[in-house]
file run13.tsv (TSV, C-alpha atoms and all ligand atoms)
chain	number	residue	atom	x	y	z
A	26	MET	CA	0.00	0.00	0.00
A	27	LYS	CA	1.39	3.40	-0.97
A	28	THR	CA	0.46	6.34	1.27
A	29	ILE	CA	0.10	9.76	-0.31
A	30	HIS	CA	0.04	12.81	1.97
A	31	LEU	CA	-2.34	15.63	1.10
A	32	ILE	CA	-2.02	19.33	1.90
A	33	GLN	CA	-5.13	21.29	0.96
A	34	PHE	CA	-5.56	25.05	0.56
A	35	GLY	CA	-9.26	25.95	0.70
A	36	LEU	CA	-12.25	24.39	2.40
A	37	GLY	CA	-15.06	26.15	0.56
A	38	GLY	CA	-17.66	24.37	-1.54
A	39	VAL	CA	-15.15	22.53	-3.73
A	40	GLY	CA	-12.68	21.90	-0.90
A	41	ARG	CA	-15.30	20.28	1.31
A	42	ALA	CA	-16.68	18.20	-1.57
A	43	LEU	CA	-13.13	17.01	-2.25
A	44	VAL	CA	-12.47	15.90	1.33
A	45	GLN	CA	-15.75	13.96	1.27
A	46	ARG	CA	-14.84	12.37	-2.05
A	47	VAL	CA	-11.39	11.34	-0.78
A	48	LEU	CA	-12.98	9.74	2.29
A	49	ALA	CA	-15.65	7.98	0.22
A	50	ALA	CA	-13.08	6.60	-2.23
A	51	ARG	CA	-10.92	5.02	0.47
A	52	ASP	CA	-11.85	1.33	0.04
A	53	ASP	CA	-12.09	1.55	-3.73
A	54	PHE	CA	-8.67	3.16	-4.11
A	55	GLU	CA	-7.03	0.74	-1.70
A	56	TRP	CA	-7.89	-2.36	-3.74
A	57	ARG	CA	-7.94	-0.71	-7.13
A	58	TYR	CA	-4.68	1.27	-7.00
A	59	GLY	CA	-3.04	0.21	-3.73
A	60	LEU	CA	-3.27	3.87	-2.67
A	61	GLN	CA	-4.13	5.42	0.63
A	62	PHE	CA	-4.64	9.18	0.98
A	63	VAL	CA	-3.89	10.87	4.28
A	64	TYR	CA	-4.58	14.54	4.98
A	65	ILE	CA	-1.68	16.11	6.87
A	66	ALA	CA	-2.59	19.79	6.47
A	67	LEU	CA	-5.63	21.87	5.61
A	68	CYS	CA	-6.08	25.60	5.58
A	69	ASP	CA	-8.60	28.28	4.84
A	70	SER	CA	-8.21	32.04	4.55
A	71	ARG	CA	-7.33	32.51	8.22
A	72	GLY	CA	-6.54	29.21	9.87
A	73	ALA	CA	-4.68	25.95	9.39
A	74	ALA	CA	-4.58	22.50	10.91
A	75	ILE	CA	-1.48	20.31	10.62
A	76	ASP	CA	-0.82	16.77	11.85
A	77	PRO	CA	2.17	14.90	10.44
A	78	ASP	CA	0.53	11.59	11.41
A	79	GLY	CA	-2.56	12.47	9.41
A	80	PHE	CA	-6.05	13.46	10.47
A	81	SER	CA	-8.58	10.74	11.21
A	82	HIS	CA	-11.84	10.58	9.31
A	83	ALA	CA	-13.68	11.71	12.42
A	84	GLN	CA	-11.44	14.77	12.72
A	85	LEU	CA	-11.89	15.61	9.05
A	86	ARG	CA	-15.67	15.29	9.33
A	87	ALA	CA	-15.64	17.61	12.36
A	88	MET	CA	-13.62	20.17	10.38
A	89	LEU	CA	-16.06	19.94	7.48
A	90	ALA	CA	-18.98	20.46	9.84
A	91	ALA	CA	-17.28	23.52	11.35
A	92	LYS	CA	-16.63	25.00	7.91
A	93	GLU	CA	-20.18	24.21	6.82
A	94	ALA	CA	-21.35	26.16	9.86
A	95	GLY	CA	-19.32	29.16	8.70
A	96	GLN	CA	-16.44	28.87	11.18
A	97	SER	CA	-12.76	29.27	10.44
A	98	LEU	CA	-10.41	26.30	10.85
A	99	GLU	CA	-8.66	28.53	13.34
A	100	ASN	CA	-11.56	27.97	15.75
A	101	THR	CA	-11.62	24.17	15.55
A	102	ASP	CA	-9.92	21.89	18.08
A	103	TRP	CA	-7.02	21.25	15.69
A	104	GLY	CA	-6.69	24.65	14.09
A	105	TYR	CA	-4.56	27.70	14.71
A	106	LYS	CA	-4.21	31.15	13.17
A	107	ARG	CA	-1.98	30.48	10.25
A	108	GLY	CA	1.01	32.36	8.85
A	109	GLY	CA	1.92	32.22	5.16
A	110	LEU	CA	0.97	29.30	2.93
A	111	GLU	CA	4.65	28.71	2.19
A	112	ASP	CA	5.16	27.98	5.89
A	113	ILE	CA	2.45	25.30	5.67
A	114	VAL	CA	4.24	23.64	2.77
A	115	ASP	CA	7.55	23.98	4.58
A	116	ILE	CA	6.31	22.52	7.88
A	117	ALA	CA	3.97	19.82	6.58
A	118	GLY	CA	5.62	18.91	3.27
A	119	ARG	CA	7.23	15.52	2.73
A	120	GLU	CA	8.51	13.54	-0.18
A	121	ASP	CA	5.26	12.12	-1.49
A	122	ALA	CA	3.05	15.14	-0.69
A	123	ILE	CA	0.49	16.59	-3.05
A	124	VAL	CA	-0.60	20.20	-2.52
A	125	ILE	CA	-4.16	20.95	-3.60
A	126	ASP	CA	-5.31	24.49	-4.38
A	127	VAL	CA	-9.07	24.86	-4.19
A	128	THR	CA	-9.02	28.53	-3.24
A	129	ALA	CA	-9.85	31.41	-5.56
A	130	THR	CA	-6.82	33.59	-4.89
A	131	GLU	CA	-3.52	34.25	-6.67
A	132	GLU	CA	-1.81	34.29	-3.26
A	133	THR	CA	-1.23	30.54	-3.46
A	134	ALA	CA	1.31	30.79	-6.32
A	135	PRO	CA	4.52	31.09	-4.22
A	136	ALA	CA	3.49	28.16	-1.99
A	137	LEU	CA	2.67	26.04	-5.05
A	138	GLN	CA	6.05	26.91	-6.53
A	139	LEU	CA	7.79	25.95	-3.29
A	140	ALA	CA	5.96	22.62	-3.27
A	141	LEU	CA	7.00	21.90	-6.85
A	142	ASP	CA	10.61	22.98	-6.18
A	143	ARG	CA	10.68	20.47	-3.33
A	144	GLY	CA	9.51	17.73	-5.67
A	145	TYR	CA	5.91	17.49	-4.45
A	146	GLY	CA	2.88	17.30	-6.72
A	147	ALA	CA	0.25	20.02	-7.06
A	148	VAL	CA	-3.35	20.00	-8.25
A	149	LEU	CA	-5.39	23.13	-8.94
A	150	ALA	CA	-9.04	24.01	-9.43
A	151	ASN	CA	-7.97	27.62	-8.89
A	152	LYS	CA	-7.36	29.42	-12.20
A	153	LYS	CA	-5.61	32.48	-10.77
A	154	PRO	CA	-2.05	31.08	-10.34
A	155	LEU	CA	-2.12	29.94	-13.99
A	156	THR	CA	-3.46	33.19	-15.42
A	157	GLY	CA	-0.91	35.62	-13.95
A	158	PRO	CA	2.27	36.44	-15.90
A	159	ILE	CA	3.26	33.73	-18.37
A	160	GLU	CA	6.60	33.20	-16.61
A	161	GLN	CA	4.61	32.06	-13.57
A	162	PHE	CA	2.54	29.64	-15.70
A	163	ARG	CA	5.74	28.22	-17.19
A	164	ALA	CA	7.49	27.92	-13.83
A	165	LEU	CA	4.50	26.14	-12.29
A	166	THR	CA	3.86	23.76	-15.16
A	167	SER	CA	7.44	22.97	-16.23
A	168	SER	CA	8.00	20.23	-13.63
A	169	GLY	CA	5.21	18.10	-15.09
A	170	ARG	CA	4.00	17.56	-11.51
A	171	LEU	CA	1.20	20.12	-11.61
A	172	ARG	CA	-2.24	19.18	-12.93
A	173	TYR	CA	-5.16	21.54	-13.45
A	174	GLU	CA	-8.05	19.70	-15.08
A	175	SER	CA	-10.78	21.38	-13.02
A	176	THR	CA	-9.70	24.90	-13.95
A	177	VAL	CA	-11.56	24.55	-17.28
A	178	GLY	CA	-14.93	22.83	-17.58
A	179	ALA	CA	-14.82	21.53	-13.96
A	180	GLY	CA	-14.76	17.70	-14.20
A	181	VAL	CA	-15.17	17.55	-18.00
A	182	PRO	CA	-11.75	16.27	-19.16
A	183	VAL	CA	-10.90	19.22	-21.39
A	184	ILE	CA	-7.27	19.59	-20.33
A	185	ALA	CA	-6.75	15.83	-20.53
A	186	ALA	CA	-8.07	15.83	-24.10
A	187	LEU	CA	-5.47	18.45	-25.00
A	188	ARG	CA	-2.52	17.24	-22.94
A	189	GLU	CA	-3.02	13.52	-23.17
A	190	ALA	CA	-4.63	13.03	-26.58
A	191	ILE	CA	-4.29	15.93	-29.02
A	192	ILE	CA	-0.86	17.38	-28.18
A	193	PRO	CA	1.06	14.09	-27.76
A	194	SER	CA	-0.45	12.69	-30.97
A	195	HIS	CA	1.09	15.64	-32.88
A	196	ASP	CA	-2.36	16.59	-34.10
A	197	ALA	CA	-2.46	20.20	-35.37
A	198	VAL	CA	-5.06	22.35	-33.64
A	199	HIS	CA	-6.75	24.73	-36.08
A	200	ARG	CA	-9.48	26.12	-33.88
A	201	ILE	CA	-10.99	25.56	-30.47
A	202	GLU	CA	-14.40	26.92	-29.59
A	203	GLY	CA	-15.91	26.56	-26.18
A	204	CYS	CA	-18.78	27.61	-23.96
A	205	PHE	CA	-17.28	27.64	-20.49
A	206	SER	CA	-19.88	29.45	-18.44
A	207	GLY	CA	-22.99	27.68	-17.23
A	208	THR	CA	-24.50	31.05	-16.31
A	209	LEU	CA	-23.93	32.55	-19.74
A	210	GLY	CA	-25.21	29.31	-21.32
A	211	PHE	CA	-28.41	29.69	-19.33
A	212	LEU	CA	-28.75	33.29	-20.57
A	213	THR	CA	-28.09	32.59	-24.25
A	214	THR	CA	-30.44	29.60	-24.28
A	215	GLY	CA	-33.12	31.79	-22.70
A	216	LEU	CA	-32.53	34.55	-25.27
A	217	GLU	CA	-32.99	31.99	-28.03
A	218	GLU	CA	-36.31	31.00	-26.46
A	219	GLY	CA	-37.46	34.62	-26.71
A	220	LYS	CA	-37.06	35.62	-23.06
A	221	ALA	CA	-35.95	39.14	-22.13
A	222	PHE	CA	-32.29	39.59	-21.14
A	223	SER	CA	-33.19	41.47	-17.96
A	224	ASP	CA	-35.62	38.74	-16.85
A	225	LEU	CA	-33.02	36.06	-17.52
A	226	VAL	CA	-30.34	37.80	-15.47
A	227	ALA	CA	-32.80	38.28	-12.61
A	228	GLU	CA	-33.84	34.61	-12.82
A	229	ALA	CA	-30.22	33.39	-12.91
A	230	ARG	CA	-29.44	35.55	-9.89
A	231	ALA	CA	-32.47	34.29	-7.95
A	232	LEU	CA	-31.48	30.68	-8.73
A	233	GLY	CA	-27.97	31.32	-7.39
A	234	TYR	CA	-26.40	30.73	-10.84
A	235	THR	CA	-24.58	34.06	-10.75
A	236	GLU	CA	-22.12	35.55	-8.32
A	237	PRO	CA	-23.77	37.97	-5.86
A	238	ASP	CA	-22.81	40.72	-8.34
A	239	PRO	CA	-23.91	39.30	-11.74
A	240	ARG	CA	-21.37	41.55	-13.48
A	241	ASP	CA	-18.69	39.09	-12.30
A	242	ASP	CA	-20.24	36.52	-14.67
A	243	LEU	CA	-21.50	38.85	-17.40
A	244	GLY	CA	-18.11	40.55	-17.68
A	245	GLY	CA	-16.55	37.46	-19.30
A	246	MET	CA	-13.32	37.48	-17.25
A	247	ASP	CA	-13.80	33.97	-15.89
A	248	VAL	CA	-14.27	32.62	-19.43
A	249	ALA	CA	-11.18	34.56	-20.55
A	250	ARG	CA	-9.09	32.96	-17.78
A	251	LYS	CA	-10.20	29.50	-18.92
A	252	ALA	CA	-9.40	30.33	-22.54
A	253	LEU	CA	-5.98	31.63	-21.49
A	254	ILE	CA	-5.21	28.38	-19.69
A	255	LEU	CA	-6.11	26.44	-22.84
A	256	ALA	CA	-4.02	28.75	-25.02
A	257	ARG	CA	-1.00	28.47	-22.73
A	258	THR	CA	-1.43	24.70	-22.62
A	259	LEU	CA	-1.11	24.81	-26.41
A	260	GLY	CA	2.12	26.75	-25.94
A	261	TRP	CA	0.80	30.15	-27.04
A	262	PRO	CA	2.63	32.89	-25.09
A	263	LEU	CA	-0.40	35.04	-24.26
A	264	GLU	CA	-1.28	37.26	-21.32
A	265	LEU	CA	-4.79	37.98	-20.07
A	266	GLU	CA	-4.61	41.54	-21.45
A	267	HIS	CA	-4.08	40.13	-24.96
A	268	ILE	CA	-7.58	38.67	-24.95
A	269	PRO	CA	-10.39	40.87	-26.24
A	270	ILE	CA	-13.36	40.29	-23.95
A	271	GLU	CA	-16.91	41.36	-24.80
A	272	PRO	CA	-18.85	41.98	-21.61
A	273	LEU	CA	-22.62	41.57	-21.84
A	274	PHE	CA	-23.20	45.10	-20.56
A	275	PRO	CA	-21.88	48.54	-21.64
A	276	PRO	CA	-18.98	50.16	-19.72
A	277	GLU	CA	-21.21	52.73	-17.97
A	278	MET	CA	-23.07	49.88	-16.25
A	279	ALA	CA	-19.83	48.67	-14.65
A	280	GLU	CA	-20.16	51.51	-12.13
A	281	GLY	CA	-22.73	51.67	-9.36
A	282	THR	CA	-24.38	49.18	-7.04
A	283	VAL	CA	-25.83	45.80	-7.96
A	284	ASP	CA	-29.31	47.28	-7.52
A	285	ASP	CA	-28.46	50.10	-9.96
A	286	PHE	CA	-27.21	47.49	-12.40
A	287	MET	CA	-30.30	45.31	-12.11
A	288	ALA	CA	-32.56	48.35	-12.53
A	289	ALA	CA	-30.73	49.42	-15.71
A	290	LEU	CA	-30.81	45.98	-17.37
A	291	PRO	CA	-34.16	46.38	-19.22
A	292	ARG	CA	-32.45	49.02	-21.37
A	293	LEU	CA	-30.46	46.19	-22.99
A	294	ASP	CA	-33.47	43.97	-23.80
A	295	ALA	CA	-34.29	45.41	-27.23
A	296	SER	CA	-30.72	45.16	-28.56
A	297	TYR	CA	-30.37	41.53	-27.43
A	298	ARG	CA	-33.75	40.69	-28.96
A	299	GLU	CA	-32.53	42.25	-32.22
A	300	ARG	CA	-29.23	40.34	-32.20
A	301	VAL	CA	-31.03	37.04	-31.63
A	302	ALA	CA	-33.47	37.79	-34.47
A	303	ALA	CA	-30.63	38.79	-36.84
A	304	ALA	CA	-28.80	35.55	-36.08
A	305	GLY	CA	-32.01	33.54	-36.48
A	306	ARG	CA	-32.52	34.86	-40.03
A	307	LYS	CA	-29.21	33.16	-40.94
A	308	GLU	CA	-30.13	29.87	-39.18
A	309	LYS	CA	-27.75	30.91	-36.40
A	310	THR	CA	-28.05	31.55	-32.71
A	311	LEU	CA	-26.00	33.40	-30.08
A	312	ARG	CA	-23.58	31.72	-27.70
A	313	TYR	CA	-20.96	33.18	-25.38
A	314	VAL	CA	-17.88	31.63	-26.93
A	315	ALA	CA	-14.16	31.48	-26.27
A	316	THR	CA	-12.44	31.11	-29.62
A	317	LEU	CA	-8.80	30.06	-29.99
A	318	ALA	CA	-7.36	30.20	-33.51
A	319	GLY	CA	-4.07	31.21	-35.14
A	320	GLY	CA	-2.38	31.94	-31.84
A	321	GLU	CA	-5.10	34.37	-30.77
A	322	VAL	CA	-7.97	34.17	-28.33
A	323	ALA	CA	-11.24	36.11	-28.25
A	324	VAL	CA	-14.14	35.89	-25.83
A	325	GLY	CA	-17.63	37.17	-26.52
A	326	LEU	CA	-21.08	36.73	-27.91
A	327	LYS	CA	-20.91	34.94	-31.24
A	328	GLU	CA	-23.35	33.81	-33.90
A	329	VAL	CA	-23.01	30.04	-34.35
A	330	ALA	CA	-24.89	27.74	-36.71
A	331	LYS	CA	-27.97	26.31	-35.01
A	332	ALA	CA	-27.01	22.89	-36.36
A	333	SER	CA	-23.48	23.01	-34.85
A	334	ALA	CA	-22.54	21.44	-31.53
A	335	LEU	CA	-22.40	24.89	-29.93
A	336	GLY	CA	-25.75	25.82	-31.46
A	337	GLN	CA	-27.33	22.64	-30.09
A	338	LEU	CA	-26.03	23.30	-26.57
A	339	ARG	CA	-28.78	24.04	-24.07
A	340	GLY	CA	-28.81	25.40	-20.55
A	341	SER	CA	-25.82	25.48	-18.27
A	342	ASP	CA	-23.69	22.65	-19.72
A	343	ASN	CA	-20.19	23.46	-20.91
A	344	LEU	CA	-18.99	22.38	-24.34
A	345	ILE	CA	-15.67	22.42	-26.15
A	346	ALA	CA	-15.11	21.66	-29.82
A	347	PHE	CA	-11.56	20.89	-31.02
A	348	HIS	CA	-11.07	21.40	-34.77
A	349	THR	CA	-7.81	19.66	-35.64
A	350	ASP	CA	-6.14	17.81	-38.52
A	351	VAL	CA	-7.49	14.51	-37.23
A	352	TYR	CA	-10.90	15.90	-36.26
A	353	ASN	CA	-11.40	17.94	-39.43
A	354	GLN	CA	-14.76	16.82	-40.81
A	355	THR	CA	-16.49	17.05	-37.48
A	356	PRO	CA	-14.76	18.41	-34.38
A	357	LEU	CA	-13.90	16.42	-31.29
A	358	VAL	CA	-16.60	17.57	-28.87
A	359	LEU	CA	-16.76	17.24	-25.10
A	360	GLN	CA	-19.85	18.33	-23.27
A	361	GLY	CA	-21.07	18.11	-19.68
A	362	ARG	CA	-21.68	19.88	-16.47
A	363	GLY	CA	-19.00	22.54	-16.27
A	364	ALA	CA	-19.65	23.81	-12.76
A	365	GLY	CA	-20.78	22.56	-9.40
A	366	VAL	CA	-18.69	21.51	-6.45
A	367	HIS	CA	-19.01	17.75	-6.99
A	368	GLY	CA	-17.94	17.75	-10.64
A	369	THR	CA	-15.07	20.06	-9.81
A	370	ALA	CA	-13.95	17.94	-6.86
A	371	ALA	CA	-14.17	14.84	-9.10
A	372	GLY	CA	-11.78	16.45	-11.59
A	373	VAL	CA	-9.38	17.36	-8.78
A	374	LEU	CA	-9.40	13.83	-7.35
A	375	ALA	CA	-8.74	12.28	-10.76
A	376	ASP	CA	-5.74	14.63	-11.08
A	377	ILE	CA	-4.47	13.59	-7.64
A	378	VAL	CA	-4.66	9.92	-8.60
A	379	ALA	CA	-2.92	10.65	-11.92
A	380	LEU	CA	0.03	12.16	-10.02
A	381	CYS	CA	0.48	9.09	-7.83
A	382	PRO	CA	3.34	6.73	-8.64
A	401	LIG	N1	-17.71	26.01	-7.49
A	401	LIG	C1	-17.58	25.56	-8.73
A	401	LIG	O1	-18.52	25.08	-9.36
A	401	LIG	C2	-16.23	25.60	-9.41
A	401	LIG	C3	-16.06	25.05	-10.68
A	401	LIG	C4	-14.80	25.05	-11.28
A	401	LIG	C5	-13.73	25.65	-10.61
A	401	LIG	N2	-13.95	26.21	-9.40
A	401	LIG	C6	-12.81	26.85	-8.74
A	401	LIG	O2	-12.52	26.16	-7.54
A	401	LIG	C7	-12.02	27.08	-6.58
A	401	LIG	C8	-12.83	26.94	-5.29
A	401	LIG	O3	-14.18	27.25	-5.55
A	401	LIG	P1	-15.25	27.26	-4.37
A	401	LIG	O4	-16.57	27.37	-5.03
A	401	LIG	O5	-14.97	26.15	-3.45
A	401	LIG	O6	-14.88	28.66	-3.65
A	401	LIG	P2	-15.26	29.12	-2.16
A	401	LIG	O7	-16.44	28.38	-1.69
A	401	LIG	O8	-15.24	30.59	-2.21
A	401	LIG	O9	-14.00	28.61	-1.28
A	401	LIG	C9	-12.75	29.18	-1.33
A	401	LIG	C10	-11.93	28.65	-0.17
A	401	LIG	O10	-10.60	29.19	-0.27
A	401	LIG	C11	-10.26	29.70	1.03
A	401	LIG	N3	-9.28	30.77	0.86
A	401	LIG	C12	-9.48	32.03	0.40
A	401	LIG	N4	-8.33	32.71	0.42
A	401	LIG	C13	-7.40	31.85	0.91
A	401	LIG	C14	-6.02	31.96	1.18
A	401	LIG	N5	-5.35	33.09	0.94
A	401	LIG	N6	-5.37	30.88	1.66
A	401	LIG	C15	-6.03	29.72	1.91
A	401	LIG	N7	-7.35	29.56	1.70
A	401	LIG	C16	-8.01	30.62	1.19
A	401	LIG	C17	-11.54	30.19	1.63
A	401	LIG	O11	-11.36	30.31	3.02
A	401	LIG	P3	-12.56	30.69	4.02
A	401	LIG	O12	-13.34	29.40	4.15
A	401	LIG	O13	-11.85	31.09	5.26
A	401	LIG	O14	-13.32	31.78	3.37
A	401	LIG	C18	-12.47	29.04	1.21
A	401	LIG	O15	-12.34	27.97	2.11
A	401	LIG	C19	-12.12	28.47	-7.23
A	401	LIG	O16	-10.87	28.83	-7.74
A	401	LIG	C20	-13.13	28.28	-8.32
A	401	LIG	O17	-12.94	29.18	-9.41
A	401	LIG	C21	-15.15	26.19	-8.78
call {"tool": "encode", "arguments": {"input": "run13.tsv", "output": "structure tokens"}}
result
Amino acid sequence: MKTIHLIQFGLGGVGRALVQRVLAARDDFEWRYGLQFVYIALCDSRGAAIDPDGFSHAQLRAMLAAKEAGQSLENTDWGYKRGGLEDIVDIAGREDAIVIDVTATEETAPALQLALDRGYGAVLANKKPLTGPIEQFRALTSSGRLRYESTVGAGVPVIAALREAIIPSHDAVHRIEGCFSGTLGFLTTGLEEGKAFSDLVAEARALGYTEPDPRDDLGGMDVARKALILARTLGWPLELEHIPIEPLFPPEMAEGTVDDFMAALPRLDASYRERVAAAGRKEKTLRYVATLAGGEVAVGLKEVAKASALGQLRGSDNLIAFHTDVYNQTPLVLQGRGAGVHGTAAGVLADIVALCP
């Protein structure tokens, strides 16, 4: 039996789902892979808990319950007010450790780099360390011991398709098109059905599909980060500022409160209705698409053929279409749930297993 020691940054929705998944997989992984996972450190934004002998399942469940109840790890029986994340890697790290980043902050990058420099593995659902300066992306990914499947499309194996099928088969990528936002998928499907843009945004917000400020979704930045990760995986030396992003609202609506924004939305209804109708006259529909072609990336609302894979996409699923030399008549298409804590945690766990010897 091989024991792998886990250090986890982040115990939010994805982080908690991951701990549960690791616990649930215990018996299966023992007989299937001869692997046993032991948590030796966990931390959140304020606290940390470290035990070189590994936390028991009962202790982990108690920590999850505390986090679920809105407490900091700092206030649990095993927690303390933490210093820097690099200190956690330094204190807890050991030869076979894997550091997991399920936070949403760029602050983890130095600790991830330290872990990789020490020869540990690293797995990310957090896009931010990979979408800073390209030198940072290269430094983090050059060891081959960092995996990041869940940063794009959650558990849908988008990165694996690129890194483990398309790139190593020397297949030339001509174009990649993807819908990587469940929220924006919900909106564009609704527009196609004739609903008003303002009603759709309000509905998505009420259903909890958007961030508390819907501009965080409608601005397109999250999609751009995912597209940048794909582009860099292809070896394109791009920065975030090289990507033209079309937000779904005009610049003047970026100012003001969320209530101001929601109140102003009906002003956009007529123009969206018009764009949908114009696309419809050409047997096309609108999707919020990340397009990678010729070394360039663009993110925005795009007319796509209704008969295409992107045009057929409904609701909040994610979809990616790879147009390559091999997949030239019809693209290689992957589609599935691209958000949600369980799918994301599933992608992270598969990456952890893939790093194990
Ligand atoms: N949710 C999804 O469907 C989904 C899908 C794909 C990818 N992702 C990515 O997965 C990551 C986690 O998402 P989530 O939904 O779990 O987010 P979340 O619920 O906001 O959780 C974030 C966690 O990170 C912790 N954290 C924040 N700053 C930290 C720091 N400096 N050091 C250590 N921990 C820190 C937070 O601590 P506190 O608990 O103290 O606040 C919290 O536990 C994000 O990068 C997100 O983009 C999420």
call {"tool": "atom_distance", "arguments": {"input": "run13.tsv", "atom1": "atom CA of A:Asp78", "atom2": "atom CA of A:Val114"}}
result
15.3 Å
call {"tool": "closest_atom_pairs", "arguments": {"input": "run13.tsv", "of": "chain A", "to": "ligand LIG 401 (chain A)", "cutoff": "8 Å", "atoms": "only C-alpha atoms and all ligand atoms", "output": "CSV"}}
result
residue,atom,partner,partner_atom,distance
A:Phe34,CA,A:LIG401,C15,4.9
A:Gly35,CA,A:LIG401,O10,3.6
A:Leu36,CA,A:LIG401,O15,3.6
A:Gly37,CA,A:LIG401,O9,3.2
A:Gly38,CA,A:LIG401,O5,3.7
A:Val39,CA,A:LIG401,O5,3.6
A:Gly40,CA,A:LIG401,O5,5.5
A:Arg41,CA,A:LIG401,O5,7.6
A:Cys68,CA,A:LIG401,C15,5.5
A:Asp69,CA,A:LIG401,N7,3.6
A:Ser70,CA,A:LIG401,C16,3.7
A:Arg71,CA,A:LIG401,O13,5.6
A:Gly72,CA,A:LIG401,O13,7.3
A:Lys92,CA,A:LIG401,O12,6.7
A:Gly95,CA,A:LIG401,O12,7.5
A:Gln96,CA,A:LIG401,O12,7.7
A:Ser97,CA,A:LIG401,O13,5.6
A:Leu98,CA,A:LIG401,O13,7.5
A:Leu110,CA,A:LIG401,N6,6.7
A:Asp126,CA,A:LIG401,C7,7.5
A:Val127,CA,A:LIG401,C7,4.4
A:Thr128,CA,A:LIG401,O10,3.4
A:Ala129,CA,A:LIG401,O16,3.5
A:Thr130,CA,A:LIG401,N4,5.6
A:Glu131,CA,A:LIG401,N5,7.9
A:Glu132,CA,A:LIG401,N5,5.6
A:Thr133,CA,A:LIG401,N5,6.5
A:Leu149,CA,A:LIG401,O2,7.9
A:Ala150,CA,A:LIG401,O2,4.5
A:Asn151,CA,A:LIG401,O16,3.3
A:Lys152,CA,A:LIG401,O16,5.7
A:Lys153,CA,A:LIG401,O16,7.1
A:Ser175,CA,A:LIG401,C4,5.7
A:Thr176,CA,A:LIG401,C5,5.3
A:Val177,CA,A:LIG401,C4,6.8
A:Gly178,CA,A:LIG401,C4,6.7
A:Ala179,CA,A:LIG401,C4,4.4
A:Gly180,CA,A:LIG401,C4,7.9
A:Gly363,CA,A:LIG401,C3,6.8
A:Ala364,CA,A:LIG401,O1,3.8
A:Gly365,CA,A:LIG401,O1,3.4
A:Val366,CA,A:LIG401,O1,4.6
A:His367,CA,A:LIG401,O1,7.7
A:Gly368,CA,A:LIG401,O1,7.5
A:Thr369,CA,A:LIG401,C3,5.2
call {"tool": "closest_residue", "arguments": {"input": "run13.tsv", "among": "A:Leu380, A:Leu165, A:Met246, A:Ile192", "to": "A:Asp142", "atoms": "all atoms listed in the file"}}
result
A:Leu165
call {"tool": "closest_residue", "arguments": {"input": "run13.tsv", "among": "A:Gly207, A:Gly320, A:Pro276, A:Gly325", "to": "A:Trp261", "atoms": "only C-alpha atoms"}}
result
A:Gly320
call {"tool": "residues_around", "arguments": {"input": "run13.tsv", "residues": "A:Ser168", "least_positions_apart": "3", "cutoff": "10 Å", "atoms": "only C-alpha atoms", "output": "list in words"}}
result
Gln138, Leu141, Asp142, Gly144, Tyr145, Gly146, Arg163, Ala164, Leu165 and Leu171 of chain A
call {"tool": "atom_distance", "arguments": {"input": "run13.tsv", "atom1": "atom CA of A:Tyr58", "atom2": "atom CA of A:Arg188"}}
result
22.7 Å
